[in-house]
Amino acid sequence: MRLRLTPRNASFFDLLAESASHLVRGAALLAELLGADKEDRKAIATKLREAEHDADEATHTIMRNLNQTFVTPFDRDDIYGLASRLDDCMDAMEEAGDLVVLYELGVLPELIIKQVDVLQRCAELTADAMPRLRSMKNLTEYWVEINRLENEGDRTYRRLVAELFNDGLEPIQAMKLKDVVDTLEAAADSFERVANTVETIALKES
Amino acid sequence: MRLRLTPRNASFFDLLAESASHLVRGAALLAELLGADKEDRKAIATKLREAEHDADEATHTIMRNLNQTFVTPFDRDDIYGLASRLDDCMDAMEEAGDLVVLYELGVLPELIIKQVDVLQRCAELTADAMPRLRSMKNLTEYWVEINRLENEGDRTYRRLVAELFNDGLEPIQAMKLKDVVDTLEAAADSFERVANTVETIALKES
Amino acid sequence: MRLRLTPRNASFFDLLAESASHLVRGAALLAELLGADKEDRKAIATKLREAEHDADEATHTIMRNLNQTFVTPFDRDDIYGLASRLDDCMDAMEEAGDLVVLYELGVLPELIIKQVDVLQRCAELTADAMPRLRSMKNLTEYWVEINRLENEGDRTYRRLVAELFNDGLEPIQAMKLKDVVDTLEAAADSFERVANTVETIALKES
C-alpha cells in the first residue's frame with residue numbers, strides 16, 4: 001500500500017494500449033495467412049512482419065520513456081515487464097506465420113485454425129484491458145478469461161499434436177506442423193504471461 | 001534486512017505446504033501411470049488430473065488471500081512467484097501423463113522411469129521444505145539437494161534422448177517419446193525454479 | 001533514484017566479469033568442437049564441461065557472497081538474476097556441445113557455424129560490458145548490439161531449420177540437428193536475457 005504523492009503519468013497507458021492494438025492487427029493477419037492459399041501467404045507474411053516492426057517501435061518508445069521519466073504510474077520494472085511480454089506475443093505470432101511460409105506448408109489442420117481463433121480473442125481482450133490499467137478497475141474479468149482461454153487452448157494443443165502423431169503423416173511433415181503448433185501455443189502462453197503480469201501489478205496496487 | 005514490525009501471517013505457510021503436498025500425490029500418480037499397462041493408464045490419468053485441479057484450487061486460494069491480506073509474511077511478489085512455480089510443477093507432471101495416454105504409447109524406456117523417480121524425490125523434498133519457510137531455517141540443504149537432483153536428471157535426460165535417436169526407433173515413435181521426456185525434464189526444471197525462488201527469498205530475509 | 005549512503009562493494013563486479021570471461025572461453029571451445037572431426041570432439045567436449053564447471057564455481061561464489069554481504073552495489077535480486085542468466089548462457093553452450101557428441105553427428109551445416117559465430121560475438125560483448133556495470137556508463141551500445149545480433153541469429157535460425165526440413169534429410173537426422181540448432185538458439189536467447197537484465201538494472205539506477 002504505497003502512498004501516492006505524485007500525479008500519475010498518463011502516456012504509459014496510451015503506449016501500452018497502442019502496443020496491444022498491434023497485437024489485434026497481428027492476430028488478424030496471422031488468421032488470414034493460415035487460411036490463405038500457399039501462393040498468397042508470402043504477401044500476408046510481409047504485412048505481419050510490418051505489424052511486428054510497428055509493435056517493436058511501440059515497445060522501444062515505452063523503454064525510452066521509462067529511461068527519461070522520473071515518475072511512472074507504477075513500478076518501472078512492471079511497465080518494463082508488461083511491455084516486454086506484449087512484445088513476446090507479437091514475436092511468437094510473427095514467427096508462426098513465417099514458419100508456415102518457410103516450411104512451404106499446404107492446407108493446415110482444422111485445429112490449427114482453432115488455435116489462432118483463441119489468439120485473436122486473447123489479443124482483443126488484452127487490447128480492451130490495457131486502458132483499464134489507468135483506473136485498475138475491472139481487470140479481474142480480463143485475466144480470468146485469458147486463463148480460461150489458455151486452458152482451452154492447451155487442450156486443443158495436446159489433441160492437435162496427438163492427431164499429428166497418430167494420423168500417419170510423413171515424419172518431416174509432422175515435425176513441420178508440430179513446430180508451427182508449438183509456436184502458436186507459445187503465443188498463447190505469452191498472452192497468459194501478460195495477464196499474469198497485470199494481475200501481479202493489480203495485487204501490488206490494491 | 002527489513003525490520004519486522006508486524007506479526008507474521010501463518011496461513012500462507014500452510015497453503016504453500018498444502019500446494020506442495022499435492023505435488024507428492026501427483027508425482028506418485030505419474031509414476032504409477034508410466035509403469036502401468038496401456039489399458040490401465042486412462043483411469044490413472046483421470047486421478048492425476050484431479051490432483052492437478054486440487055493443486056489449482058490451492059494456488060487460487062493463495063492468490064485470493066494475497067489479494068485480501070494487508071500483511072504478508074514475506075514479499076507479496078515472492079509468495080505469488082512461489083505459488084505459481086509450485087503450480088508449474090504440477091502442470092508439467094499432469095501434461096506428461098496426459099501425453100503418454102494421448103500418444104497411445106506402450107512400455108516405456110527404463111530411463112523414463114528414472115526421470116520420474118527424480119520427480120518423486122523432488123516433490124517430497126519440496127513438501128518437506130515448505131513448512132520450514134516459517135522459520136527460514138534449514139532450507140539450504142533443500143535447494144542444494146534439488147539442484148543436485150536436477151543436474152543428475154539432466155544427465156539422464158540427455159542420455160535418454162540420445163538413446164531414442166540412436167537406437168533405430170521409428171521416427172514418429174521417437175518424436176512421441178521425446179515429447180514425453182522433454183515434458184518430464186520441464187517438470188524437473190520447474191522444481192529447480194521453486195528451489196531457486198526459495199533461495200532468493202531466504203537471501204532477502206537473511 | 002535511490003540515495004546511496006553506503007560505499008559500493010567492488011567485488012561483485014569482478015565476479016560478474018569473471019563469470020562472463022568463462023563464457024568467452026566456452027564459446028571458443030564450442031566453435032572448435034563444431035568445426036572438429038567427429039573423433040576429436042569428445043576431448044573438446046571435456047574441456048567445455050570444465051569451462052562450465054568453472055563458470056558454476058564463479059556463480060556459486062557470487063551467491064555465497066550475496067548471502068554474507070550486507071551492502072550490495074545494486075539490488076540483491078538483480079545481482080542474483082544477472083549471475084543466474086550468465087550461468088544459463090554457459091549451460092546452453094555446454095549442452096549444445098554435448099548433444100553434438102551424444103548424437104554422433106558428422107559434418108555440420110554451414111549455418112550452424114554461423115550461429116556459433118554469433119554466440120562468440122555475444123560472449124565477447126558481454127565480457128566487455130560487465131566491468132562497465134561499476135560506472136553504469138556506456139552500456140546502451142552493449143544491449144543494443146546484443147539485441148541486433150539476436151535478431152540476426154533468429155533469422156539464421158529459421159532459415160536453418162527450414163533447410164533441415166526441406167532438404168530431404170533422413171527424419172531422425174533432421175531431429176538431431178534441430179535439437180542442436182534449438183539449443184544454440186536458446187544460448188543466444190540467454191545472452192539476450194543477460195542484456196535485458198543489464199538494461200533493467202541501468203533503468204533503475206539512472
# chains A, B, ... in the order shown; residues from 1 in each chain; ligands from 1
>>> interface_residues(of="chain C", to="chain A", cutoff="10 Å", atoms="only C-alpha atoms", output="NGL selection string")
:C and (1 or 154-155 or 158-159 or 161-166 or 168-172 or 174-175 or 196 or 199-204 or 206)
>>> select_by_dssp(residues="stretch 92-186 of chain C", states="helix (DSSP H, G or I)", output="PyMOL selection string")
chain C and resi 92-102+110-133+140-166+171-186
>>> residues_around(residues="stretch 125-127 of chain C", least_positions_apart="5", cutoff="8 Å", atoms="only C-alpha atoms", output="PyMOL selection string")
chain C and resi 17+20-21+23-24+142+146+191+195
>>> atom_distance(atom1="atom CA of B:Ala27", atom2="atom CA of C:Asp87")
28.6 Å
>>> residues_around(residues="B:Ala83", least_positions_apart="5", cutoff="9 Å", atoms="only C-alpha atoms", output="number ranges by chain")
B: 16, 19, 58-60, 62-63, 78, 88, 194
>>> atom_distance(atom1="atom CA of C:Glu185", atom2="atom CA of B:Val118")
27.6 Å
>>> residues_around(residues="A:Asn151", least_positions_apart="6", cutoff="10 Å", atoms="only C-alpha atoms", output="list in words")
Glu145, Tyr157, Ala188, Asp189 and Glu192 of chain A
>>> write_last_selection(atoms="all heavy atoms", output="CSV table (one decimal), in the first residue's frame")
chain,number,residue,atom,x,y,z
A,145,GLU,N,-10.6,-14.6,-17.8
A,145,GLU,CA,-10.9,-15.0,-19.2
A,145,GLU,C,-9.7,-15.5,-20.0
A,145,GLU,O,-9.8,-16.5,-20.7
A,145,GLU,CB,-11.7,-13.9,-19.9
A,145,GLU,CG,-12.1,-14.3,-21.3
A,145,GLU,CD,-13.1,-15.4,-21.4
A,145,GLU,OE1,-13.6,-15.9,-20.4
A,145,GLU,OE2,-13.4,-15.9,-22.6
A,157,TYR,N,-4.3,-27.8,-28.1
A,157,TYR,CA,-2.9,-28.1,-28.5
A,157,TYR,C,-2.6,-29.5,-28.4
A,157,TYR,O,-2.0,-30.2,-29.3
A,157,TYR,CB,-2.0,-27.2,-27.6
A,157,TYR,CG,-0.6,-27.6,-27.6
A,157,TYR,CD1,0.2,-27.3,-28.8
A,157,TYR,CD2,0.0,-28.2,-26.6
A,157,TYR,CE1,1.5,-27.6,-28.8
A,157,TYR,CE2,1.3,-28.6,-26.6
A,157,TYR,CZ,2.1,-28.3,-27.7
A,157,TYR,OH,3.4,-28.6,-27.8
A,188,ALA,N,0.1,-18.2,-27.2
A,188,ALA,CA,-1.0,-18.3,-26.2
A,188,ALA,C,-0.4,-18.1,-24.8
A,188,ALA,O,-0.9,-17.4,-23.9
A,188,ALA,CB,-1.8,-19.5,-26.3
A,189,ASP,N,0.7,-18.8,-24.5
A,189,ASP,CA,1.4,-18.7,-23.2
A,189,ASP,C,1.8,-17.3,-22.9
A,189,ASP,O,1.8,-16.8,-21.8
A,189,ASP,CB,2.6,-19.6,-23.2
A,189,ASP,CG,2.3,-21.1,-23.0
A,189,ASP,OD1,1.1,-21.4,-22.6
A,189,ASP,OD2,3.2,-21.9,-23.3
A,192,GLU,N,-1.0,-15.3,-21.8
A,192,GLU,CA,-1.2,-15.6,-20.4
A,192,GLU,C,-0.2,-14.9,-19.4
A,192,GLU,O,-0.6,-14.4,-18.4
A,192,GLU,CB,-1.2,-17.1,-20.1
A,192,GLU,CG,-1.8,-17.5,-18.8
A,192,GLU,CD,-1.6,-19.0,-18.5
A,192,GLU,OE1,-0.7,-19.7,-19.1
A,192,GLU,OE2,-2.4,-19.5,-17.7
>>> closest_residue(among="B:Gly106, B:Asn147, B:Ile79, B:Ser11", to="B:Arg41", atoms="only C-alpha atoms")
B:Gly106
>>> residues_around(residues="B:Ala96", least_positions_apart="4", cutoff="12 Å", atoms="only C-alpha atoms", output="PyMOL selection string")
(chain A and resi 158) or (chain B and resi 26-27+29-31+33-34+45+48-49+89-92+100-103+105+112+115-116+119+176-188)
>>> atom_distance(atom1="atom CA of B:Ser135", atom2="atom CA of B:Phe12")
13.0 Å
